[in-house]
Structure formats: C-alpha cells, structure tokens
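S.K.: What follows is coords-v5.txt, compact mmCIF, C-alpha atoms (C1' of nucleotides).
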```txt
# COMPACT_ATOMS: atom_id res chain seq x y z
CA MET M 1 -22.31 30.69 38.27
CA ASN M 2 -20.52 34.01 38.69
CA ASP M 3 -17.31 32.00 38.67
CA ALA M 4 -17.33 32.61 34.95
CA LEU M 5 -16.61 36.26 35.62
CA GLN M 6 -13.68 35.96 38.03
CA PRO M 7 -10.17 37.04 37.24
CA LEU M 8 -8.46 34.24 35.44
CA ASN M 9 -5.10 32.73 34.79
CA LEU M 10 -3.74 32.80 31.30
CA LYS M 11 -4.89 29.37 30.29
CA GLU M 12 -8.43 29.99 31.42
CA GLU M 13 -8.34 33.32 29.61
CA ARG M 14 -7.35 31.53 26.45
CA ARG M 15 -10.05 28.94 26.94
CA LEU M 16 -12.68 31.65 27.11
CA GLN M 17 -11.33 33.31 24.01
CA LEU M 18 -11.67 30.02 22.17
CA LEU M 19 -15.14 29.52 23.58
CA ASP M 20 -16.25 32.97 22.48
CA ALA M 21 -14.93 32.43 18.96
CA ALA M 22 -16.72 29.10 18.82
CA THR M 23 -19.91 30.77 19.98
CA GLU M 24 -19.73 33.28 17.15
CA LEU M 25 -19.36 30.59 14.55
CA LEU M 26 -22.10 28.44 16.04
CA ALA M 27 -24.46 31.40 16.09
CA LYS M 28 -23.88 31.86 12.39
CA ARG M 29 -23.66 28.20 11.53
CA PRO M 30 -25.18 25.83 14.10
CA THR M 31 -24.19 22.83 11.98
CA ALA M 32 -20.47 23.60 12.10
CA SER M 33 -18.38 20.51 12.83
CA LEU M 34 -15.64 20.46 15.44
CA ALA M 35 -13.11 20.54 12.60
CA GLU M 36 -14.73 23.74 11.35
CA ILE M 37 -14.80 25.20 14.83
CA ALA M 38 -11.11 24.41 15.22
CA GLU M 39 -10.36 26.10 11.93
CA HIS M 40 -12.44 29.15 12.85
CA THR M 41 -10.66 29.48 16.19
CA ARG M 42 -7.29 29.00 14.51
CA ILE M 43 -6.27 25.98 16.52
CA SER M 44 -5.88 22.32 15.72
CA LYS M 45 -8.57 19.78 16.43
CA ALA M 46 -6.35 18.17 19.04
CA THR M 47 -6.01 21.45 20.92
CA LEU M 48 -9.74 22.06 20.76
CA HIS M 49 -10.21 18.69 22.40
CA ARG M 50 -7.67 19.60 25.05
CA TYR M 51 -9.75 22.58 26.01
CA PHE M 52 -13.15 20.94 25.59
CA ALA M 53 -13.23 17.19 26.00
CA SER M 54 -16.21 16.70 23.71
CA ARG M 55 -18.74 18.58 21.61
CA ASP M 56 -21.11 18.28 24.51
CA ALA M 57 -18.55 19.77 26.87
CA LEU M 58 -18.07 22.70 24.49
CA LEU M 59 -21.81 23.31 24.20
CA THR M 60 -22.23 23.06 27.95
CA ALA M 61 -19.44 25.55 28.56
CA LEU M 62 -21.04 27.82 25.99
CA ALA M 63 -24.41 27.65 27.69
CA VAL M 64 -22.99 28.22 31.15
CA ARG M 65 -20.96 31.19 29.99
CA ALA M 66 -23.83 32.69 28.02
CA LEU M 67 -26.07 32.39 31.04
CA ALA M 68 -23.51 33.94 33.32
CA LEU M 69 -22.79 36.87 31.03
CA VAL M 70 -26.41 37.60 30.19
CA SER M 71 -27.45 37.27 33.83
CA ALA M 72 -24.68 39.62 34.90
CA ALA M 73 -25.61 42.10 32.20
CA LEU M 74 -29.22 42.01 33.31
CA ALA M 75 -28.24 42.60 36.90
CA ASP M 76 -25.98 45.49 35.91
CA CYS M 77 -28.85 47.09 34.03
CA ARG M 78 -31.01 47.39 37.14
CA LEU M 79 -34.10 46.98 35.00
CA SER M 80 -36.44 47.73 37.86
CA GLU M 81 -34.94 51.19 38.39
CA GLY M 82 -35.89 54.36 36.58
CA ALA M 83 -38.31 54.89 33.71
CA ALA M 84 -39.00 51.89 31.51
CA PRO M 85 -37.69 53.42 28.25
CA ALA M 86 -34.40 54.33 29.92
CA ALA M 87 -34.11 50.85 31.40
CA LEU M 88 -34.83 49.40 27.99
CA ARG M 89 -32.04 51.46 26.55
CA ARG M 90 -29.60 50.14 29.13
CA LEU M 91 -30.79 46.61 28.39
CA ILE M 92 -30.31 46.89 24.65
CA GLU M 93 -26.89 48.46 24.99
CA ALA M 94 -25.85 45.62 27.24
CA LEU M 95 -27.28 42.82 25.10
CA ILE M 96 -26.02 43.69 21.65
CA PRO M 97 -22.41 42.67 22.25
CA LEU M 98 -23.81 39.48 23.76
CA GLY M 99 -26.04 38.85 20.74
CA ASP M 100 -24.60 35.47 19.85
CA LYS M 101 -24.80 34.25 23.43
CA PHE M 102 -28.26 35.68 23.84
CA TYR M 103 -29.33 33.96 20.63
CA PHE M 104 -28.14 30.66 21.97
CA LEU M 105 -30.10 31.05 25.14
CA LEU M 106 -33.23 31.63 23.08
CA ASN M 107 -32.89 28.59 20.93
CA GLU M 108 -34.26 25.28 21.86
CA HIS M 109 -31.74 23.10 20.12
CA LEU M 110 -29.26 23.66 22.90
CA TRP M 111 -31.71 22.87 25.64
CA ASN M 112 -32.52 19.46 24.30
CA VAL M 113 -29.07 18.49 25.47
CA HIS M 114 -29.06 20.55 28.66
CA PRO M 115 -32.53 20.61 30.14
CA ASP M 116 -30.96 21.22 33.56
CA LEU M 117 -30.15 24.77 32.51
CA VAL M 118 -33.64 25.57 31.27
CA ALA M 119 -34.84 27.04 34.56
CA ALA M 120 -31.84 29.35 34.72
CA GLU M 121 -32.44 30.48 31.17
CA GLN M 122 -36.08 31.17 31.86
CA ALA M 123 -35.00 33.18 34.87
CA THR M 124 -33.16 35.56 32.51
CA GLU M 125 -36.43 36.29 30.75
CA VAL M 126 -38.29 37.33 33.89
CA PRO M 127 -36.71 40.75 34.48
CA ILE M 128 -37.17 41.62 30.80
CA MET M 129 -40.79 40.62 30.89
CA GLN M 130 -41.33 42.56 34.10
CA LEU M 131 -39.73 45.62 32.56
CA ILE M 132 -42.12 45.46 29.62
CA GLN M 133 -45.07 45.01 31.93
CA ARG M 134 -43.91 47.93 34.05
CA GLY M 135 -43.56 50.10 30.94
CA GLN M 136 -47.08 49.24 29.88
CA ALA M 137 -48.44 49.93 33.32
CA GLU M 138 -46.64 53.29 33.47
CA GLY M 139 -47.98 54.15 30.04
CA SER M 140 -44.56 54.51 28.42
CA LEU M 141 -44.78 51.31 26.38
CA ARG M 142 -47.74 50.41 24.22
CA ALA M 143 -50.27 48.27 26.01
CA ASP M 144 -51.97 47.17 22.78
CA LEU M 145 -49.06 44.89 21.88
CA PRO M 146 -48.86 41.66 23.91
CA VAL M 147 -45.88 41.40 26.26
CA ALA M 148 -44.88 38.13 24.64
CA TRP M 149 -44.76 39.79 21.24
CA ILE M 150 -42.69 42.72 22.51
CA MET M 151 -40.23 40.22 23.94
CA TYR M 152 -39.92 38.41 20.62
CA THR M 153 -39.38 41.56 18.67
CA LEU M 154 -36.85 42.86 21.19
CA GLU M 155 -34.90 39.62 21.22
CA PHE M 156 -34.83 39.22 17.47
CA THR M 157 -33.91 42.85 16.90
CA VAL M 158 -31.00 42.55 19.28
CA PHE M 159 -29.81 39.50 17.42
CA ALA M 160 -30.31 41.28 14.10
CA ALA M 161 -27.96 43.99 15.35
CA TRP M 162 -25.38 41.43 16.41
CA GLN M 163 -25.60 39.80 13.02
CA ALA M 164 -25.42 43.10 11.13
CA ILE M 165 -22.25 43.98 13.06
CA TYR M 166 -20.77 40.56 12.44
CA ASP M 167 -21.58 40.88 8.71
CA GLY M 168 -19.93 44.27 8.62
CA ASN M 169 -23.14 45.97 7.55
CA ILE M 170 -23.44 48.38 10.47
CA ALA M 171 -20.82 49.88 12.72
CA ARG M 172 -20.62 48.56 16.24
CA ARG M 173 -20.78 52.09 17.64
CA ASP M 174 -24.06 52.74 15.77
CA ALA M 175 -25.81 49.53 16.69
CA ALA M 176 -27.46 50.44 19.96
CA HIS M 177 -28.72 53.69 18.53
CA LEU M 178 -30.19 51.94 15.48
CA VAL M 179 -31.90 49.29 17.57
CA LEU M 180 -33.33 51.86 19.93
CA GLU M 181 -34.56 54.09 17.17
CA SER M 182 -36.19 51.38 15.08
CA LEU M 183 -37.53 49.32 17.95
CA LEU M 184 -38.81 52.15 20.09
CA GLY M 185 -39.83 54.63 17.44
CA GLY M 186 -40.52 52.40 14.45
CA ILE M 187 -39.43 52.95 10.89
CA ILE M 188 -42.22 55.21 9.75
CA ALA M 189 -41.19 58.81 9.37
CA LYS M 190 -42.80 61.19 11.82
CA ALA M 191 -45.25 63.67 10.30
CA MET E 1 -38.65 28.06 -11.25
CA ASN E 2 -42.38 28.72 -11.23
CA ASP E 3 -42.78 25.02 -11.86
CA ALA E 4 -42.89 24.73 -8.10
CA LEU E 5 -46.29 26.43 -8.16
CA GLN E 6 -48.08 24.38 -10.80
CA PRO E 7 -51.00 22.06 -10.11
CA LEU E 8 -49.64 18.76 -8.98
CA ASN E 9 -50.41 15.11 -8.85
CA LEU E 10 -50.97 13.46 -5.53
CA LYS E 11 -47.47 12.14 -5.05
CA GLU E 12 -45.90 15.50 -5.78
CA GLU E 13 -48.40 17.09 -3.41
CA ARG E 14 -47.31 14.73 -0.69
CA ARG E 15 -43.67 15.39 -1.43
CA LEU E 16 -44.20 19.11 -0.93
CA GLN E 17 -46.05 18.51 2.32
CA LEU E 18 -43.08 16.52 3.56
CA LEU E 19 -40.71 19.18 2.35
CA ASP E 20 -42.64 21.92 4.13
CA ALA E 21 -42.71 19.97 7.39
CA ALA E 22 -38.98 19.38 7.09
CA THR E 23 -38.45 23.09 6.48
CA GLU E 24 -40.27 23.95 9.69
CA LEU E 25 -38.14 21.63 11.73
CA LEU E 26 -34.91 22.77 10.11
CA ALA E 27 -35.80 26.40 10.76
CA LYS E 28 -36.16 25.59 14.43
CA ARG E 29 -33.34 23.09 14.59
CA PRO E 30 -30.79 23.31 11.78
CA THR E 31 -28.85 20.40 13.25
CA ALA E 32 -31.72 17.95 12.98
CA SER E 33 -30.64 14.60 11.56
CA LEU E 34 -32.51 12.84 8.79
CA ALA E 35 -33.83 10.43 11.40
CA GLU E 36 -35.26 13.39 13.32
CA ILE E 37 -36.69 14.88 10.16
CA ALA E 38 -38.34 11.57 9.34
CA GLU E 39 -39.83 11.43 12.81
CA HIS E 40 -41.05 15.03 12.61
CA THR E 41 -42.70 14.41 9.26
CA ARG E 42 -44.24 11.17 10.56
CA ILE E 43 -42.67 8.90 7.98
CA SER E 44 -39.93 6.33 8.10
CA LYS E 45 -36.35 7.04 7.14
CA ALA E 46 -36.70 4.76 4.16
CA THR E 47 -39.67 6.77 2.88
CA LEU E 48 -37.85 10.03 3.41
CA HIS E 49 -35.08 8.68 1.23
CA ARG E 50 -37.62 7.64 -1.38
CA TYR E 51 -38.75 11.23 -1.66
CA PHE E 52 -35.35 12.87 -1.29
CA ALA E 53 -32.38 10.80 -2.34
CA SER E 54 -29.98 12.48 0.06
CA ARG E 55 -29.74 15.24 2.64
CA ASP E 56 -28.29 17.42 -0.07
CA ALA E 57 -31.26 16.68 -2.34
CA LEU E 58 -33.62 17.64 0.50
CA LEU E 59 -31.80 20.90 1.17
CA THR E 60 -31.69 21.70 -2.52
CA ALA E 61 -35.41 21.07 -2.89
CA LEU E 62 -35.99 23.25 0.15
CA ALA E 63 -33.93 26.10 -1.27
CA VAL E 64 -35.57 25.89 -4.68
CA ARG E 65 -39.05 25.86 -3.17
CA ALA E 66 -38.29 28.67 -0.76
CA LEU E 67 -36.94 30.77 -3.59
CA ALA E 68 -39.95 30.06 -5.77
CA LEU E 69 -42.48 30.86 -3.05
CA VAL E 70 -40.75 33.99 -1.80
CA SER E 71 -40.18 35.23 -5.35
CA ALA E 72 -43.82 34.65 -6.23
CA ALA E 73 -44.95 36.38 -3.04
CA LEU E 74 -42.76 39.36 -3.87
CA ALA E 75 -44.14 39.54 -7.38
CA ASP E 76 -47.71 39.33 -6.09
CA CYS E 77 -47.05 42.21 -3.72
CA ARG E 78 -46.24 44.63 -6.53
CA LEU E 79 -43.82 46.45 -4.27
CA SER E 80 -43.20 49.22 -6.75
CA GLU E 81 -46.89 50.19 -6.78
CA GLY E 82 -48.62 52.51 -4.40
CA ALA E 83 -47.31 54.24 -1.29
CA ALA E 84 -44.35 52.61 0.42
CA PRO E 85 -46.08 51.94 3.76
CA ALA E 86 -48.96 50.19 2.00
CA ALA E 87 -46.53 48.14 -0.07
CA LEU E 88 -44.64 47.26 3.11
CA ARG E 89 -47.88 46.06 4.65
CA ARG E 90 -48.55 43.79 1.68
CA LEU E 91 -44.98 42.50 1.89
CA ILE E 92 -45.18 41.65 5.57
CA GLU E 93 -48.54 39.96 5.21
CA ALA E 94 -47.13 37.82 2.43
CA LEU E 95 -43.87 36.93 4.15
CA ILE E 96 -45.04 35.86 7.58
CA PRO E 97 -46.49 32.52 6.52
CA LEU E 98 -43.26 31.98 4.61
CA GLY E 99 -41.14 32.85 7.64
CA ASP E 100 -39.28 29.55 7.83
CA LYS E 101 -38.53 29.58 4.12
CA PHE E 102 -37.53 33.23 4.21
CA TYR E 103 -35.25 32.52 7.16
CA PHE E 104 -33.52 29.83 5.18
CA LEU E 105 -32.89 32.14 2.30
CA LEU E 106 -31.22 34.59 4.65
CA ASN E 107 -28.89 32.15 6.21
CA GLU E 108 -25.51 31.36 4.92
CA HIS E 109 -25.26 27.80 6.06
CA LEU E 110 -27.45 26.71 3.21
CA TRP E 111 -25.56 28.62 0.57
CA ASN E 112 -22.27 26.96 1.37
CA VAL E 113 -23.76 23.90 -0.25
CA HIS E 114 -25.62 25.68 -3.03
CA PRO E 115 -23.67 28.69 -4.20
CA ASP E 116 -25.41 28.41 -7.56
CA LEU E 117 -28.61 29.70 -5.98
CA VAL E 118 -26.98 32.72 -4.35
CA ALA E 119 -27.67 35.09 -7.23
CA ALA E 120 -31.36 34.13 -7.23
CA GLU E 121 -31.55 34.67 -3.50
CA GLN E 122 -29.93 38.06 -3.75
CA ALA E 123 -32.43 38.93 -6.45
CA THR E 124 -35.21 38.48 -3.88
CA GLU E 125 -33.64 41.19 -1.75
CA VAL E 126 -33.57 43.79 -4.49
CA PRO E 127 -37.28 44.69 -4.60
CA ILE E 128 -37.37 44.94 -0.80
CA MET E 129 -34.36 47.22 -0.76
CA GLN E 130 -35.83 49.34 -3.53
CA LEU E 131 -39.08 49.63 -1.61
CA ILE E 132 -37.25 50.93 1.45
CA GLN E 133 -35.26 53.36 -0.65
CA ARG E 134 -38.45 54.54 -2.32
CA GLY E 135 -40.11 55.03 1.07
CA GLN E 136 -37.18 57.08 2.26
CA ALA E 137 -37.17 59.17 -0.89
CA GLU E 138 -40.92 59.76 -0.59
CA GLY E 139 -40.47 60.75 3.03
CA SER E 140 -42.74 58.01 4.39
CA LEU E 141 -39.90 55.92 5.85
CA ARG E 142 -37.20 57.32 8.07
CA ALA E 143 -34.12 58.36 6.16
CA ASP E 144 -31.96 58.49 9.29
CA LEU E 145 -31.87 54.68 9.51
CA PRO E 146 -29.64 52.97 6.95
CA VAL E 147 -31.45 50.89 4.35
CA ALA E 148 -29.35 47.88 5.29
CA TRP E 149 -30.44 48.16 8.90
CA ILE E 150 -34.11 48.52 7.99
CA MET E 151 -33.78 45.35 5.93
CA TYR E 152 -32.27 43.45 8.86
CA THR E 153 -34.92 44.56 11.27
CA LEU E 154 -37.69 43.79 8.79
CA GLU E 155 -36.35 40.33 8.05
CA PHE E 156 -35.75 39.40 11.66
CA THR E 157 -39.11 40.74 12.77
CA VAL E 158 -40.89 38.66 10.13
CA PHE E 159 -39.05 35.61 11.34
CA ALA E 160 -39.85 36.48 14.95
CA ALA E 161 -43.52 36.45 14.00
CA TRP E 162 -43.21 33.10 12.29
CA GLN E 163 -41.48 31.72 15.36
CA ALA E 164 -44.02 33.20 17.76
CA ILE E 165 -46.83 31.58 15.76
CA TYR E 166 -44.98 28.27 15.66
CA ASP E 167 -44.41 28.44 19.42
CA GLY E 168 -48.09 29.16 19.96
CA ASN E 169 -47.37 32.51 21.58
CA ILE E 170 -49.32 34.67 19.16
CA ALA E 171 -52.29 33.89 16.98
CA ARG E 172 -51.70 33.55 13.29
CA ARG E 173 -54.48 36.01 12.57
CA ASP E 174 -52.82 38.66 14.77
CA ALA E 175 -49.31 38.28 13.46
CA ALA E 176 -49.30 40.69 10.55
CA HIS E 177 -50.97 43.36 12.63
CA LEU E 178 -48.43 42.96 15.43
CA VAL E 179 -45.47 43.10 13.07
CA LEU E 180 -46.81 46.15 11.33
CA GLU E 181 -47.58 47.97 14.52
CA SER E 182 -44.28 47.27 16.23
CA LEU E 183 -42.06 47.58 13.18
CA LEU E 184 -43.69 50.64 11.66
CA GLY E 185 -44.77 52.48 14.77
CA GLY E 186 -42.38 51.17 17.37
CA ILE E 187 -43.16 50.05 20.89
CA ILE E 188 -43.12 53.41 22.63
CA ALA E 189 -46.56 54.66 23.56
CA LYS E 190 -47.69 57.77 21.74
CA ALA E 191 -47.98 60.87 23.89
C1' DC S 1 20.41 29.85 26.80
C1' DT S 2 17.40 25.69 29.20
C1' DC S 3 13.40 23.37 30.04
C1' DA S 4 8.52 22.77 30.97
C1' DT S 5 4.49 23.19 28.64
C1' DA S 6 1.54 23.86 24.74
C1' DT S 7 0.54 22.90 20.13
C1' DG S 8 -0.08 20.91 15.38
C1' DA S 9 -0.34 17.33 12.13
C1' DG S 10 -1.88 13.30 11.14
C1' DA S 11 -2.94 8.47 12.05
C1' DT S 12 -6.31 5.68 14.21
C1' DA S 13 -10.58 4.11 16.54
C1' DA S 14 -15.28 4.81 17.92
C1' DA S 15 -19.67 6.72 17.30
C1' DA S 16 -23.18 8.89 14.77
C1' DT S 17 -25.39 9.92 10.64
C1' DA S 18 -26.36 9.13 5.91
C1' DG S 19 -27.61 5.96 2.63
C1' DT S 20 -29.23 1.20 0.78
C1' DC S 21 -32.01 -2.68 0.72
C1' DT S 22 -35.51 -6.40 1.79
C1' DC S 23 -39.86 -8.04 2.81
C1' DA S 24 -44.16 -8.02 5.22
C1' DA S 25 -47.91 -5.07 6.02
C1' DA S 26 -50.76 -1.16 4.94
C1' DT S 27 -53.18 1.62 1.76
C1' DG S 28 -56.10 3.02 -1.85
C1' DA S 29 -58.29 2.58 -6.41
C1' DG S 30 -61.45 0.03 -9.09
C1' DC G 1 -63.17 -8.19 -2.85
C1' DT G 2 -58.36 -7.94 -5.81
C1' DC G 3 -54.19 -6.03 -6.88
C1' DA G 4 -50.82 -2.38 -7.65
C1' DT G 5 -48.41 0.69 -5.07
C1' DT G 6 -46.64 2.68 -0.97
C1' DT G 7 -44.84 2.35 3.45
C1' DG G 8 -42.42 0.94 7.80
C1' DA G 9 -39.16 -1.52 10.39
C1' DG G 10 -35.00 -2.88 10.76
C1' DA G 11 -30.75 -4.93 9.12
C1' DC G 12 -26.84 -3.61 6.82
C1' DT G 13 -23.24 -0.64 4.47
C1' DA G 14 -20.86 3.68 3.64
C1' DT G 15 -19.45 8.04 5.05
C1' DT G 16 -18.68 11.64 8.14
C1' DT G 17 -17.89 13.36 12.56
C1' DT G 18 -16.21 12.81 17.05
C1' DA G 19 -12.78 11.41 19.95
C1' DT G 20 -8.05 9.56 21.06
C1' DC G 21 -3.29 9.37 20.72
C1' DT G 22 1.72 10.05 19.43
C1' DC G 23 5.63 12.63 18.62
C1' DA G 24 8.09 16.42 16.71
C1' DT G 25 8.02 21.26 16.94
C1' DA G 26 6.89 25.69 18.83
C1' DT G 27 6.36 28.71 22.62
C1' DG G 28 7.25 31.23 26.67
C1' DA G 29 9.11 31.85 31.32
C1' DG G 30 13.17 32.26 33.95
```
Show me, as structure tokens, the structure contained in the file I just sent.
M.R.:
Amino acid sequence: MNDALQPLNLKEERRLQLLDAATELLAKRPTASLAEIAEHTRISKATLHRYFASRDALLTALAVRALALVSAALADCRLSEGAAPAALRRLIEALIPLGDKFYFLLNEHLWNVHPDLVAAEQATEVPIMQLIQRGQAEGSLRADLPVAWIMYTLEFTVFAAWQAIYDGNIARRDAAHLVLESLLGGIIAKA
Amino acid sequence: MNDALQPLNLKEERRLQLLDAATELLAKRPTASLAEIAEHTRISKATLHRYFASRDALLTALAVRALALVSAALADCRLSEGAAPAALRRLIEALIPLGDKFYFLLNEHLWNVHPDLVAAEQATEVPIMQLIQRGQAEGSLRADLPVAWIMYTLEFTVFAAWQAIYDGNIARRDAAHLVLESLLGGIIAKA
DNA sequence: CTCATATGAGATAAAATAGTCTCAAATGAG
DNA sequence: CTCATTTGAGACTATTTTATCTCATATGAG
C-alpha cells in the first residue's frame, strides 16, 4: 500500500494530481457526476476515463490513496512517543492538509462499495484512539469526556479546518494553530 | 415559512415523518437514490412519489423545512439575551437534534439547485455570528480566534454530535453536555 | 523540424436513476 | 361488517449518467 508514495513517472504524477482534484470536489459535493469531475479537473470526460476506467475505479483509487496517505501521516507522527498533547499537535498538523481524504475515510458511503478496505480504515483509527486513551491515563486529556466523543470532535474539527481553508475563510498557515487552540483549549476566554 | 410548524392533519404529519427520515439518510449518504430513500423510509417508490413529485420536490421540501425549524430554534433561543456562554448553551441544545437539517443548510450541494433559498439560509447564520461577536466583545469568548473559525468549529461539532448519536456512539441525553464541555472548555485537562 | 503520444469534442451505446402508471391488496374509519 | 382511501409491487417510460469510441488537434521529446 506504500506503493502510492513511491517516486513516479510523469503520467502517474498527473494521474495523482487528477485524483487529488477529484477528491477535493467529491469532499465538497459527493453527488458530483463524472462530467462535473472532469470539468473541475480541467480535462475532458474521455481523458478522465483514460485515467480511471469507471466511477468505481476512481473511487477505489481515491480510497486506496487516502488510506495510504493517512496511514503514512500517522506513522510519521509517532503518536506513541512523547506527551499526548504534543503528539496530538503533530497529528493535527499532519491531518489538516489531508482533510478531504480523511473525511472520505470517515464516511460510510464509500465503504458500501469497498467493504474490503474497511479493516484498513479502522486500523487508521486505532493509533488515534490509543493516543487519546494514553492522554487520559497520563492526566493530560480530560477523562470525563468519552474517548469516542473526543475522536468525533477531533475528526470533525480537522475537517472543518480543511473546509475553512478550501472556502478561503482561514489561511492555511493559521489552520493548525486555530484547530489546536479551539480543540485543546476551547473557545471560552480564560479568566 | 412558519407554516411548517402549524398543527397538521394526519397525511401532512406522515409526509413530514417521511421527509425527516429522508433527511437523516441524505445527511449520512448524499448520493442515496430515490429507491434507497424509499427503502430507508419503509415505503414503496410509488408512495414516495405520491408524497414528493420529484427528487427536486423532495430536496426543496427538505430545505424549506430545515430552514423553518432552524430559524424557529434560533428565535426560541433568544441569542441576544443574557450572557454569551449561556446563550451558546441554549443554541447548542437546540441545534443538536436538528443536526442533519443544520448540516444540509451548511452544504453547498443543496444550494446549487435552490439558490432562491440562499439568502434565507445566510440569515440563519447572522444571529450566531452576532452572538460570537458579542461574546468576544464581552470578554467571555476568546477574541484571538476569528469569528469565522469559531462558527466553523461550532457547526461541525454540532453535526459531529448528531452523527455520534445516529451512530449509537453517544447517548442523546449526553450530547449537549459533551459538546458544551469539549467546545467551550476544550479537551485538555485542567491543571 | 518530426513523430509518438496525449487530449478534446462530440457522437453513440449501455446502464442507472427518476418518473409514471395500473391493479390487487392493505388499511382505517364508521 | 362495508367502503373509501392508501399502499406496494412491478411493469413501463423518460431522463440522466456512465461508459465507449473516433478522429482531428495539441503537446512534448528528441
């Protein structure tokens, strides 16, 4: 699965560029037709079909790539090392640029078509969950909030940041800071 | 638009039940076909068409109802009264059960079809934005986080709660408390 | 420049979804 | 119970989306 991260020839590079542009659009508009995806990626329908034989092939490629990138990011973050808040920071910084891909992994409508990838997707959740548990055990994260809930709020806040960047409402360079501040410290002013 | 909240005859009651069930499914799976919506709502395709003449009619009804319910909830919350944190609490408590409808209002893929409702949707954002601004001016909400970002994180956290309830991962009765705690106070343990 | 390859536009076919309709059965009120 | 209304199943039609293909043009490497 790390094949998705190997150095590539030009055509493969282009294919991934198209795939990433398609992912963006599909994150914003899951109902987009292939004609709309072609338009968004600035290629003709025929060319889109040359790169991805079918809608299913496109969605599969998307899922595989999302899994590979998120898994690699998680591994790079070494979530089991260092204090939990610092690890969480590394995680958030890594995930924001992958917000659309991360969003796809979290949504069930893709998995209906690709149940074979479900186990791999669930495997991406394990290190995050363990990090939260570790933080609670260490006393650095609140233990009164259920782990499951912390995961939801983390995941949705990361996607909110991706969306806010995409919409042009926050600057990319500010995003991680904003997520960290609001998620970790909350929005209430300190006394 | 408050017509959507008037006492109803039995058939209209049933129609709204169907509409609400369809809204749930479409929040989880925007690509659901009418056949899938019919199955989810436990009626036949023919009956679905009897209640909503077309997919467009269904989506329009959904948007109109979502707008009516969210607008009414916002009005009930009297966001300009009382301290900002208390008003925020009332807001969150009101919005969670409307999470699927709120999510729809925030997403662009519906408005492509119904640009006429865009102004009304944007009007629902104004009292929320004003509340945040008021909180910042009063010093109860952090002024270092942009208003736009606070709105994103609020909206996505509310939807996260709706989703978590729908998935069976948190209890409905706990949801508002969890949102308030994590959003307002953050997830870092207090020293 | 040449030439191999990639691409777009648009026509066409196939598949899926949306929409329409009929009639028997189910439902609910009186 | 009767009877008016609603519903489901499924056949059928219409529309949209997906997929396929051709050929002229564009592109890029040498």
S.K.: Please find the residues of chain M near chain E - the criterion being any atom within 9 Å, counting only C-alpha atoms - and write them as a PyMOL selection string.
M.R.: chain M and resi 28-32+85+107-109+135-136+139-143+145-146+148-150+152-157+159-161+163-164+169-170+178-179+181-191
S.K.: Please determine the contact residues of chain E with respect to chain S at a cut-off of 8 Å, counting all atoms listed in the file, and supply them as a list in words.
M.R.: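 The complete set of qualifying residues is Ser33, Leu34, Ser54 and Arg55 of chain E.
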S.K.: Based on all atoms listed in the file, which of the residues in chain E come within 10 Å of chain G? I want them as a PyMOL selection string.
M.R.: chain E and resi 43-47
S.K.: Go ahead and compute the interatomic distance for CA of Thr23 in chain E and CA of Lys11 in chain E, in Å to one decimal.
M.R.: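 For CA of Thr23 in chain E relative to CA of Lys11 in chain E, the distance reads 18.3 Å.
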S.K.: Rounded to one decimal place, report the CA of Ser71 in chain M-CA of Ile165 in chain E distance in Å.
M.R.: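 It comes out at 27.1 Å.
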S.K.: Show which residues sit within 12 Å of range 113-129 of chain E, as a ChimeraX atom specification. Count all atoms listed in the file, and ignore same-chain residues fewer than 6 positions away.
M.R.: /E:1,55-81,84,87-92,95,101-107,135-136,146-152,154-155
S.K.: Record the distance separating CA of Ala86 in chain E and CA of Leu131 in chain E, expressed in Å with one decimal.
M.R.: 10.5 Å
S.K.: Write out as number ranges by chain each polymer residue whose atoms come within 12 Å of Tyr166 in chain E, counting all atoms listed in the file; drop sequence neighbours fewer than 6 positions from it.
M.R.: E: 21, 24-25, 27-28, 96-100, 159-160, 172, 175
